[in-house]
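Participant: Following this line is final.cif, made up of mmCIF, C-alpha atoms and all ligand atoms:
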data_work
#
loop_
_atom_site.group_PDB
_atom_site.id
_atom_site.type_symbol
_atom_site.label_atom_id
_atom_site.label_comp_id
_atom_site.auth_asym_id
_atom_site.auth_seq_id
_atom_site.Cartn_x
_atom_site.Cartn_y
_atom_site.Cartn_z
ATOM 1 C CA MET V 1 -0.062 -1.771 -13.372
ATOM 2 C CA LYS V 2 -0.742 -0.583 -9.841
ATOM 3 C CA GLU V 3 -3.693 -1.884 -7.842
ATOM 4 C CA GLU V 4 -6.136 0.807 -6.672
ATOM 5 C CA LEU V 5 -6.797 0.750 -2.936
ATOM 6 C CA SER V 6 -9.226 2.470 -0.606
ATOM 7 C CA GLY V 7 -7.568 5.023 1.700
ATOM 8 C CA ASP V 8 -7.843 2.833 4.801
ATOM 9 C CA MET V 9 -6.374 -0.197 2.974
ATOM 10 C CA ALA V 10 -3.500 1.890 1.595
ATOM 11 C CA LEU V 11 -2.642 3.116 5.122
ATOM 12 C CA LYS V 12 -1.836 -0.487 6.072
ATOM 13 C CA PHE V 13 1.181 -0.355 3.735
ATOM 14 C CA LEU V 14 2.612 2.818 5.188
ATOM 15 C CA PRO V 15 5.238 2.280 7.906
ATOM 16 C CA HIS V 16 4.373 4.046 11.122
ATOM 17 C CA PHE V 17 6.175 5.844 13.870
ATOM 18 C CA PRO V 18 6.866 3.689 16.964
ATOM 19 C CA THR V 19 3.940 2.341 18.928
ATOM 20 C CA VAL V 20 4.112 3.900 22.369
ATOM 21 C CA LEU V 21 2.359 4.229 25.688
ATOM 22 C CA ILE V 22 0.939 7.703 26.145
ATOM 23 C CA GLY V 23 0.747 8.692 29.808
ATOM 24 C CA THR V 24 -2.133 10.977 30.837
ATOM 25 C CA GLY V 25 -3.571 12.111 34.169
ATOM 26 C CA THR V 26 -1.787 12.703 37.455
ATOM 27 C CA GLY V 27 -1.369 10.951 40.817
ATOM 28 C CA GLU V 28 -3.902 8.169 41.442
ATOM 29 C CA GLU V 29 -5.654 9.106 38.185
ATOM 30 C CA SER V 30 -2.554 8.429 36.045
ATOM 31 C CA ASN V 31 -3.330 6.287 33.013
ATOM 32 C CA LEU V 32 -1.598 4.713 30.010
ATOM 33 C CA ILE V 33 -2.921 4.185 26.495
ATOM 34 C CA THR V 34 -1.276 2.251 23.666
ATOM 35 C CA ALA V 35 -1.046 4.556 20.654
ATOM 36 C CA ALA V 36 0.224 3.938 17.142
ATOM 37 C CA MET V 37 -0.851 7.404 16.054
ATOM 38 C CA LEU V 38 2.254 9.448 16.817
ATOM 39 C CA HIS V 39 4.083 11.949 14.665
ATOM 40 C CA VAL V 40 6.567 14.820 14.703
ATOM 41 C CA PHE V 41 4.813 18.167 14.129
ATOM 42 C CA SER V 42 7.668 20.659 14.536
ATOM 43 C CA ILE V 43 11.428 20.617 14.981
ATOM 44 C CA ASP V 44 11.775 24.187 16.319
ATOM 45 C CA PRO V 45 10.173 24.219 18.799
ATOM 46 C CA PRO V 46 10.223 20.397 19.056
ATOM 47 C CA MET V 47 6.655 19.090 18.941
ATOM 48 C CA LEU V 48 5.034 15.666 18.845
ATOM 49 C CA GLY V 49 1.369 14.862 18.271
ATOM 50 C CA THR V 50 -0.741 11.875 19.195
ATOM 51 C CA GLY V 51 -4.175 10.916 17.866
ATOM 52 C CA ILE V 52 -6.614 9.818 20.574
ATOM 53 C CA ALA V 53 -10.209 8.707 19.916
ATOM 54 C CA PRO V 54 -12.876 10.592 21.932
ATOM 55 C CA GLU V 55 -14.274 7.417 23.520
ATOM 56 C CA ARG V 56 -10.970 6.647 25.304
ATOM 57 C CA HIS V 57 -10.559 7.411 29.005
ATOM 58 C CA SER V 58 -7.221 9.015 28.021
ATOM 59 C CA PHE V 59 -9.124 11.558 25.928
ATOM 60 C CA GLU V 60 -10.907 12.911 29.036
ATOM 61 C CA LEU V 61 -7.619 13.054 30.965
ATOM 62 C CA MET V 62 -5.860 14.776 28.066
ATOM 63 C CA LYS V 63 -8.603 17.439 27.926
ATOM 64 C CA LYS V 64 -8.392 17.946 31.699
ATOM 65 C CA HIS V 65 -4.608 18.184 32.181
ATOM 66 C CA ARG V 66 -3.313 19.180 28.706
ATOM 67 C CA GLN V 67 -0.041 17.350 29.325
ATOM 68 C CA TYR V 68 1.173 13.869 28.354
ATOM 69 C CA THR V 69 4.202 11.616 28.328
ATOM 70 C CA VAL V 70 5.307 9.572 25.303
ATOM 71 C CA ASN V 71 6.899 6.338 26.525
ATOM 72 C CA VAL V 72 8.824 4.456 23.847
ATOM 73 C CA PRO V 73 9.269 0.685 24.416
ATOM 74 C CA THR V 74 11.826 -1.844 23.251
ATOM 75 C CA LYS V 75 10.740 -4.966 21.364
ATOM 76 C CA ASP V 76 10.878 -6.965 24.639
ATOM 77 C CA GLN V 77 8.033 -4.824 25.985
ATOM 78 C CA LEU V 78 5.455 -5.790 23.353
ATOM 79 C CA GLU V 79 3.297 -7.472 25.986
ATOM 80 C CA LYS V 80 2.892 -4.160 27.867
ATOM 81 C CA ILE V 81 1.859 -2.494 24.599
ATOM 82 C CA LEU V 82 -0.788 -5.181 24.036
ATOM 83 C CA ASP V 83 -1.982 -5.054 27.662
ATOM 84 C CA CYS V 84 -2.464 -1.275 27.772
ATOM 85 C CA GLY V 85 -4.330 -1.344 24.439
ATOM 86 C CA LYS V 86 -6.865 -3.920 25.651
ATOM 87 C CA VAL V 87 -8.444 -2.397 28.744
ATOM 88 C CA SER V 88 -9.592 1.038 29.790
ATOM 89 C CA GLY V 89 -8.243 3.101 32.656
ATOM 90 C CA ARG V 90 -11.906 3.586 33.603
ATOM 91 C CA ASP V 91 -11.893 -0.050 34.781
ATOM 92 C CA VAL V 92 -8.330 -0.761 35.904
ATOM 93 C CA ASP V 93 -5.214 0.971 37.188
ATOM 94 C CA LYS V 94 -2.895 -0.060 34.343
ATOM 95 C CA PHE V 95 0.308 0.785 36.235
ATOM 96 C CA GLU V 96 -0.714 -1.623 38.997
ATOM 97 C CA GLU V 97 -2.358 -4.275 36.817
ATOM 98 C CA PHE V 98 0.556 -4.533 34.359
ATOM 99 C CA ASP V 99 3.406 -4.094 36.795
ATOM 100 C CA LEU V 100 4.639 -0.739 35.514
ATOM 101 C CA THR V 101 6.240 1.958 37.655
ATOM 102 C CA LYS V 102 5.392 5.658 37.593
ATOM 103 C CA GLU V 103 8.473 7.774 36.895
ATOM 104 C CA LYS V 104 8.186 11.377 38.079
ATOM 105 C CA SER V 105 8.505 13.860 35.220
ATOM 106 C CA LYS V 106 10.758 16.897 35.493
ATOM 107 C CA ASN V 107 8.632 19.594 33.838
ATOM 108 C CA ILE V 108 5.047 18.268 33.839
ATOM 109 C CA SER V 109 2.764 16.619 36.436
ATOM 110 C CA VAL V 110 1.942 13.514 34.359
ATOM 111 C CA PRO V 111 4.323 10.604 35.121
ATOM 112 C CA GLY V 112 6.206 8.466 32.620
ATOM 113 C CA VAL V 113 6.928 4.714 32.646
ATOM 114 C CA GLU V 114 10.180 3.902 34.463
ATOM 115 C CA GLU V 115 10.684 0.593 32.627
ATOM 116 C CA PHE V 116 10.593 2.245 29.161
ATOM 117 C CA PRO V 117 13.942 3.574 27.852
ATOM 118 C CA LEU V 118 12.855 6.765 26.096
ATOM 119 C CA ILE V 119 10.401 9.297 27.551
ATOM 120 C CA PHE V 120 9.158 12.639 26.215
ATOM 121 C CA GLU V 121 7.300 15.134 28.420
ATOM 122 C CA CYS V 122 4.813 17.183 26.377
ATOM 123 C CA GLU V 123 2.586 20.196 27.017
ATOM 124 C CA VAL V 124 -0.445 20.446 24.732
ATOM 125 C CA LYS V 125 -0.293 23.599 22.579
ATOM 126 C CA ASP V 126 -2.949 22.748 20.016
ATOM 127 C CA GLU V 127 -5.562 20.137 19.181
ATOM 128 C CA PHE V 128 -7.689 19.345 16.172
ATOM 129 C CA LYS V 129 -10.268 16.736 15.254
ATOM 130 C CA THR V 130 -9.604 14.570 12.219
ATOM 131 C CA GLY V 131 -12.429 12.123 11.526
ATOM 132 C CA ASP V 132 -12.482 9.564 14.342
ATOM 133 C CA HIS V 133 -9.453 10.863 16.305
ATOM 134 C CA THR V 134 -8.369 14.140 17.896
ATOM 135 C CA TRP V 135 -4.713 15.099 17.534
ATOM 136 C CA PHE V 136 -3.096 16.591 20.612
ATOM 137 C CA ILE V 137 -0.018 18.539 19.569
ATOM 138 C CA GLY V 138 2.472 18.830 22.397
ATOM 139 C CA GLU V 139 5.666 20.788 22.789
ATOM 140 C CA ILE V 140 8.465 18.597 24.168
ATOM 141 C CA VAL V 141 9.438 20.286 27.437
ATOM 142 C CA ASN V 142 11.801 17.532 28.584
ATOM 143 C CA ALA V 143 13.063 14.152 27.326
ATOM 144 C CA LYS V 144 15.042 11.283 28.883
ATOM 145 C CA LYS V 145 16.838 8.287 27.363
ATOM 146 C CA SER V 146 18.471 5.213 28.907
ATOM 147 C CA PRO V 147 22.129 4.905 27.806
ATOM 148 C CA ASP V 148 21.597 1.460 26.234
ATOM 149 C CA TYR V 149 18.511 2.383 24.147
ATOM 150 C CA LYS V 150 18.933 1.602 20.433
ATOM 151 C CA ARG V 151 16.557 3.006 17.795
ATOM 152 C CA GLU V 152 16.283 -0.355 16.051
ATOM 153 C CA ASP V 153 14.983 -2.004 19.238
ATOM 154 C CA THR V 154 11.653 -0.203 19.162
ATOM 155 C CA ILE V 155 8.278 -1.488 17.927
ATOM 156 C CA LEU V 156 6.466 -0.367 14.786
ATOM 157 C CA TYR V 157 2.852 -1.318 14.124
ATOM 158 C CA TRP V 158 1.063 -1.218 10.863
ATOM 159 C CA GLY V 159 -1.448 -3.314 8.991
ATOM 160 C CA GLY V 160 -2.124 -5.326 12.150
ATOM 161 C CA GLU V 161 1.519 -6.478 12.463
ATOM 162 C CA PHE V 162 4.191 -5.529 14.972
ATOM 163 C CA ARG V 163 7.648 -5.087 13.400
ATOM 164 C CA LYS V 164 11.027 -3.645 14.216
ATOM 165 C CA PRO V 165 12.919 -1.053 12.146
ATOM 166 C CA GLY V 166 15.496 -2.397 9.689
ATOM 167 C CA LYS V 167 19.109 -1.521 8.928
ATOM 168 C CA ASP V 168 20.605 1.847 8.071
ATOM 169 C CA LEU V 169 20.608 1.708 4.248
ATOM 170 C CA GLN V 170 23.741 3.842 3.944
ATOM 171 C CA GLU V 171 25.713 1.460 6.118
ATOM 172 C CA GLU V 172 25.089 -1.605 3.915
HETATM 173 C C1 LIG N 201 -1.324 -1.535 18.748
HETATM 174 C C2 LIG N 201 -2.415 -0.599 19.172
HETATM 175 C C3 LIG N 201 -2.406 0.724 18.763
HETATM 176 C C4 LIG N 201 -3.404 1.619 19.186
HETATM 177 N N1 LIG N 201 -3.346 2.922 18.789
HETATM 178 C C5 LIG N 201 -4.283 3.813 19.218
HETATM 179 C C6 LIG N 201 -4.183 5.198 18.881
HETATM 180 O O1 LIG N 201 -3.249 5.652 18.221
HETATM 181 N N2 LIG N 201 -5.163 6.030 19.344
HETATM 182 C C7 LIG N 201 -6.218 5.591 20.114
HETATM 183 O O2 LIG N 201 -7.089 6.398 20.507
HETATM 184 N N3 LIG N 201 -6.320 4.272 20.473
HETATM 185 C C8 LIG N 201 -5.376 3.388 20.064
HETATM 186 N N4 LIG N 201 -5.450 2.071 20.435
HETATM 187 C C9 LIG N 201 -6.568 1.628 21.295
HETATM 188 C C10 LIG N 201 -6.370 1.974 22.777
HETATM 189 O O3 LIG N 201 -5.049 1.687 23.199
HETATM 190 C C11 LIG N 201 -7.375 1.172 23.644
HETATM 191 O O4 LIG N 201 -8.702 1.447 23.240
HETATM 192 C C12 LIG N 201 -7.196 1.425 25.149
HETATM 193 O O5 LIG N 201 -7.799 0.381 25.853
HETATM 194 C C13 LIG N 201 -7.807 2.746 25.592
HETATM 195 O O6 LIG N 201 -7.485 2.957 26.945
HETATM 196 P P1 LIG N 201 -8.116 4.117 27.858
HETATM 197 O O7 LIG N 201 -9.617 3.990 27.780
HETATM 198 O O8 LIG N 201 -7.575 3.831 29.227
HETATM 199 O O9 LIG N 201 -7.644 5.427 27.331
HETATM 200 C C14 LIG N 201 -4.451 1.158 20.037
HETATM 201 C C15 LIG N 201 -4.458 -0.184 20.465
HETATM 202 C C16 LIG N 201 -3.450 -1.058 20.052
HETATM 203 C C17 LIG N 201 -3.460 -2.475 20.551
#
For the structure just supplied, provide its representation as C-alpha cells.

Facilitator:
Amino acid sequence: MKEELSGDMALKFLPHFPTVLIGTGTGEESNLITAAMLHVFSIDPPMLGTGIAPERHSFELMKKHRQYTVNVPTKDQLEKILDCGKVSGRDVDKFEEFDLTKEKSKNISVPGVEEFPLIFECEVKDEFKTGDHTWFIGEIVNAKKSPDYKREDTILYWGGEFRKPGKDLQEE
C-alpha cells in the first residue's frame, strides 16, 4: 500500500538536476545565485531553464539583461554553493566575498565562474511564472567544459540533502 503525500512532500523524493550557480548581470553588477531549479527544455535548439523567485536580486538582473550563465560545480565546491545561496547580491559582491573569479563568456556579456568545470552561456528566449518562481528559458549559445570534469562528480540537491549521482546501471 502506497503512502499518500502532499505535492511538496512528494517532490522531496524526486532526484533533481545538478545544483548550480546561475550567473546574472554584467561587469561590477555581476551576481551569482545558487539554484536547484534547473532543467532541459529543448534539445534542438538546445535550451535550459532555471526557476528564480521574484524576491531574488538575480531576478531583477535576469529581467534587465535576459542572459545568464549556468555554472556546474564538482562535489568539492559544495561550500561555494552554500555560500552563494545564503546572501543576496544586493548586500555583497559574491565573486569577491567567496573568492570566485569571473570568466569572460564568448557569446554573452554575463560572466561565468572560472573555478567551475562546466559552463553554459544562455540567452533568454521565454519566461513564465509558475507559483512562487519564474522560469527563464534560455537557448545555449556557447558551452565550455574542463577536460577532467566527470558527470558523477557533480552535486544533486533534493529533500534538503546534497548527494552525488550514482553508477551507470548498464555498466554494473
Ligand atoms: C541548495 C539551494 C538551492 C536553491 N535553489 C534556488 C532556486 O532554484 N531558485 C531560487 O530562486 N532560489 C534558490 N535558492 C535560494 C537562493 O540561492 C538565495 O535566496 C540567494 O541568496 C539569492 O541571491 P540573490 O538575491 O543574490 O539573487 C537556493 C538556495 C540553496 C541553498

Participant: Got a sec to check which residues sit within 9 Å of (13.2, 3.2, 27.8), counting all atoms listed in the file, and write them as an MDAnalysis selection string?

Facilitator: chainID V and resid 71:74 113:119 144:146 148:149

Participant: Put those residues in a file: C-alpha atoms, as a PDB file, keeping the file's coordinate frame.

Facilitator:
ATOM      1  CA  ASN V  71       6.899   6.338  26.525  1.00  0.00           C
ATOM      2  CA  VAL V  72       8.824   4.456  23.847  1.00  0.00           C
ATOM      3  CA  PRO V  73       9.269   0.685  24.416  1.00  0.00           C
ATOM      4  CA  THR V  74      11.826  -1.844  23.251  1.00  0.00           C
ATOM      5  CA  VAL V 113       6.928   4.714  32.646  1.00  0.00           C
ATOM      6  CA  GLU V 114      10.180   3.902  34.463  1.00  0.00           C
ATOM      7  CA  GLU V 115      10.684   0.593  32.627  1.00  0.00           C
ATOM      8  CA  PHE V 116      10.593   2.245  29.161  1.00  0.00           C
ATOM      9  CA  PRO V 117      13.942   3.574  27.852  1.00  0.00           C
ATOM     10  CA  LEU V 118      12.855   6.765  26.096  1.00  0.00           C
ATOM     11  CA  ILE V 119      10.401   9.297  27.551  1.00  0.00           C
ATOM     12  CA  LYS V 144      15.042  11.283  28.883  1.00  0.00           C
ATOM     13  CA  LYS V 145      16.838   8.287  27.363  1.00  0.00           C
ATOM     14  CA  SER V 146      18.471   5.213  28.907  1.00  0.00           C
ATOM     15  CA  ASP V 148      21.597   1.460  26.234  1.00  0.00           C
ATOM     16  CA  TYR V 149      18.511   2.383  24.147  1.00  0.00           C
TER      17      TYR V 149
END

Participant: Considering all atoms listed in the file, state which residue in the set V:Lys94, V:Lys129, V:Lys63, V:His16 is at the smallest distance from V:Lys164.

Facilitator: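 Selected residue with least distance to V:Lys164: V:His16.
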
Participant: Can you list what the PyMOL selection byres (((not hetatm)) within 9 of (chain N and resi 201)) grabs from this structure, as a ChimeraX atom specification?

Facilitator: /V:19-22,24,31-38,50-61,81-94,132-134,156-158,160-162

Participant: How far is it from atom CA of V:Asn142 to atom CA of V:Ile43, in Å with one decimal?

Facilitator: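 Atom CA of V:Ile43 lies 14.0 Å from atom CA of V:Asn142.
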
Participant: What is the atom CA of V:Glu139 to atom CA of V:Thr26 distance in Å?

Facilitator: 18.3 Å

Participant: When you count only C-alpha atoms, which of these residues is closest to V:Pro18: V:Phe128, V:Lys102, V:Gly166, V:His39?

Facilitator: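 Once distances to V:Pro18 are computed over only C-alpha atoms, the minimum belongs to V:His39.
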
Participant: Could you jot down the atom CA of V:Leu100 to atom CA of V:Gly112 separation for me, Å, one decimal place?

Facilitator: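 Result for atom CA of V:Leu100 versus atom CA of V:Gly112: 9.8 Å, one decimal.
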
Participant: For the structure provided, state which residues fall under the PyMOL selection byres (((chain V and resi 140) around 12) and not hetatm), and present them as an MDAnalysis selection string.

Facilitator: chainID V and resid 40:49 67:70 106:108 119:125 137:139 141:144

Participant: Please write out, as JSON, where the centre of an axis-aligned box around all listed atoms of stretch 31-40 of chain V lies and how long its edges are, in Å to one decimal, after adding 8 Å on each side.

Facilitator:
{"center_x": 1.6, "center_y": 8.5, "center_z": 23.8, "size_x": 25.9, "size_y": 28.6, "size_z": 34.3}

Participant: Between V:His65, V:Asp76, V:Arg151, V:Phe17, which is the closest to V:Phe136 once you count all atoms listed in the file?

Facilitator: V:His65

Participant: Could you give me, as a count of residues only, the residues that have an atom at most 7 Å away from the point (11.4, -4.9, 16.9) in the coordinates of the file, using all atoms listed in the file?

Facilitator: 8

Participant: Where atoms are absent from stretch 81-102 of chain V, fill them in so it carries N, CA and C atoms, then output it as an mmCIF file, in the coordinates of the input.

Facilitator:
data_model
loop_
_atom_site.group_PDB
_atom_site.id
_atom_site.type_symbol
_atom_site.label_atom_id
_atom_site.label_comp_id
_atom_site.auth_asym_id
_atom_site.auth_seq_id
_atom_site.Cartn_x
_atom_site.Cartn_y
_atom_site.Cartn_z
ATOM 1 N N ILE V 81 2.560 -3.246 25.646
ATOM 2 C CA ILE V 81 1.859 -2.494 24.599
ATOM 3 C C ILE V 81 0.487 -3.135 24.344
ATOM 4 N N LEU V 82 0.478 -4.466 24.267
ATOM 5 C CA LEU V 82 -0.788 -5.181 24.036
ATOM 6 C C LEU V 82 -1.717 -5.004 25.234
ATOM 7 N N ASP V 83 -1.173 -5.163 26.435
ATOM 8 C CA ASP V 83 -1.982 -5.054 27.662
ATOM 9 C C ASP V 83 -2.678 -3.693 27.749
ATOM 10 N N CYS V 84 -1.903 -2.631 27.571
ATOM 11 C CA CYS V 84 -2.464 -1.275 27.772
ATOM 12 C C CYS V 84 -3.401 -0.860 26.640
ATOM 13 N N GLY V 85 -3.416 -1.628 25.551
ATOM 14 C CA GLY V 85 -4.330 -1.344 24.439
ATOM 15 C C GLY V 85 -5.610 -2.157 24.519
ATOM 16 N N LYS V 86 -5.719 -2.999 25.554
ATOM 17 C CA LYS V 86 -6.865 -3.920 25.651
ATOM 18 C C LYS V 86 -7.922 -3.461 26.631
ATOM 19 N N VAL V 87 -7.500 -2.762 27.676
ATOM 20 C CA VAL V 87 -8.444 -2.397 28.744
ATOM 21 C C VAL V 87 -8.439 -0.883 28.943
ATOM 22 N N SER V 88 -9.490 -0.399 29.571
ATOM 23 C CA SER V 88 -9.592 1.038 29.790
ATOM 24 C C SER V 88 -9.205 1.400 31.218
ATOM 25 N N GLY V 89 -8.576 2.550 31.344
ATOM 26 C CA GLY V 89 -8.243 3.101 32.656
ATOM 27 C C GLY V 89 -9.487 3.422 33.481
ATOM 28 N N ARG V 90 -10.649 3.412 32.844
ATOM 29 C CA ARG V 90 -11.906 3.586 33.603
ATOM 30 C C ARG V 90 -12.136 2.376 34.501
ATOM 31 N N ASP V 91 -11.627 1.201 34.062
ATOM 32 C CA ASP V 91 -11.893 -0.050 34.781
ATOM 33 C C ASP V 91 -10.715 -0.548 35.606
ATOM 34 N N VAL V 92 -9.498 -0.254 35.162
ATOM 35 C CA VAL V 92 -8.330 -0.761 35.904
ATOM 36 C C VAL V 92 -7.236 0.306 36.020
ATOM 37 N N ASP V 93 -6.427 0.157 37.057
ATOM 38 C CA ASP V 93 -5.214 0.971 37.188
ATOM 39 C C ASP V 93 -4.138 0.219 36.411
ATOM 40 N N LYS V 94 -3.795 0.705 35.221
ATOM 41 C CA LYS V 94 -2.895 -0.060 34.343
ATOM 42 C C LYS V 94 -1.478 -0.147 34.897
ATOM 43 N N PHE V 95 -1.027 0.870 35.623
ATOM 44 C CA PHE V 95 0.308 0.785 36.235
ATOM 45 C C PHE V 95 0.353 -0.427 37.164
ATOM 46 N N GLU V 96 -0.682 -0.548 38.010
ATOM 47 C CA GLU V 96 -0.714 -1.623 38.997
ATOM 48 C C GLU V 96 -0.943 -2.977 38.327
ATOM 49 N N GLU V 97 -1.945 -3.026 37.477
ATOM 50 C CA GLU V 97 -2.358 -4.275 36.817
ATOM 51 C C GLU V 97 -1.225 -4.877 35.966
ATOM 52 N N PHE V 98 -0.463 -4.028 35.291
ATOM 53 C CA PHE V 98 0.556 -4.533 34.359
ATOM 54 C C PHE V 98 1.978 -4.324 34.863
ATOM 55 N N ASP V 99 2.083 -4.104 36.178
ATOM 56 C CA ASP V 99 3.406 -4.094 36.795
ATOM 57 C C ASP V 99 4.339 -3.033 36.191
ATOM 58 N N LEU V 100 3.827 -1.843 36.034
ATOM 59 C CA LEU V 100 4.639 -0.739 35.514
ATOM 60 C C LEU V 100 4.794 0.314 36.620
ATOM 61 N N THR V 101 5.924 1.010 36.584
ATOM 62 C CA THR V 101 6.240 1.958 37.655
ATOM 63 C C THR V 101 6.128 3.392 37.154
ATOM 64 N N LYS V 102 5.492 4.240 37.964
ATOM 65 C CA LYS V 102 5.392 5.658 37.593
ATOM 66 C C LYS V 102 6.749 6.321 37.793
#
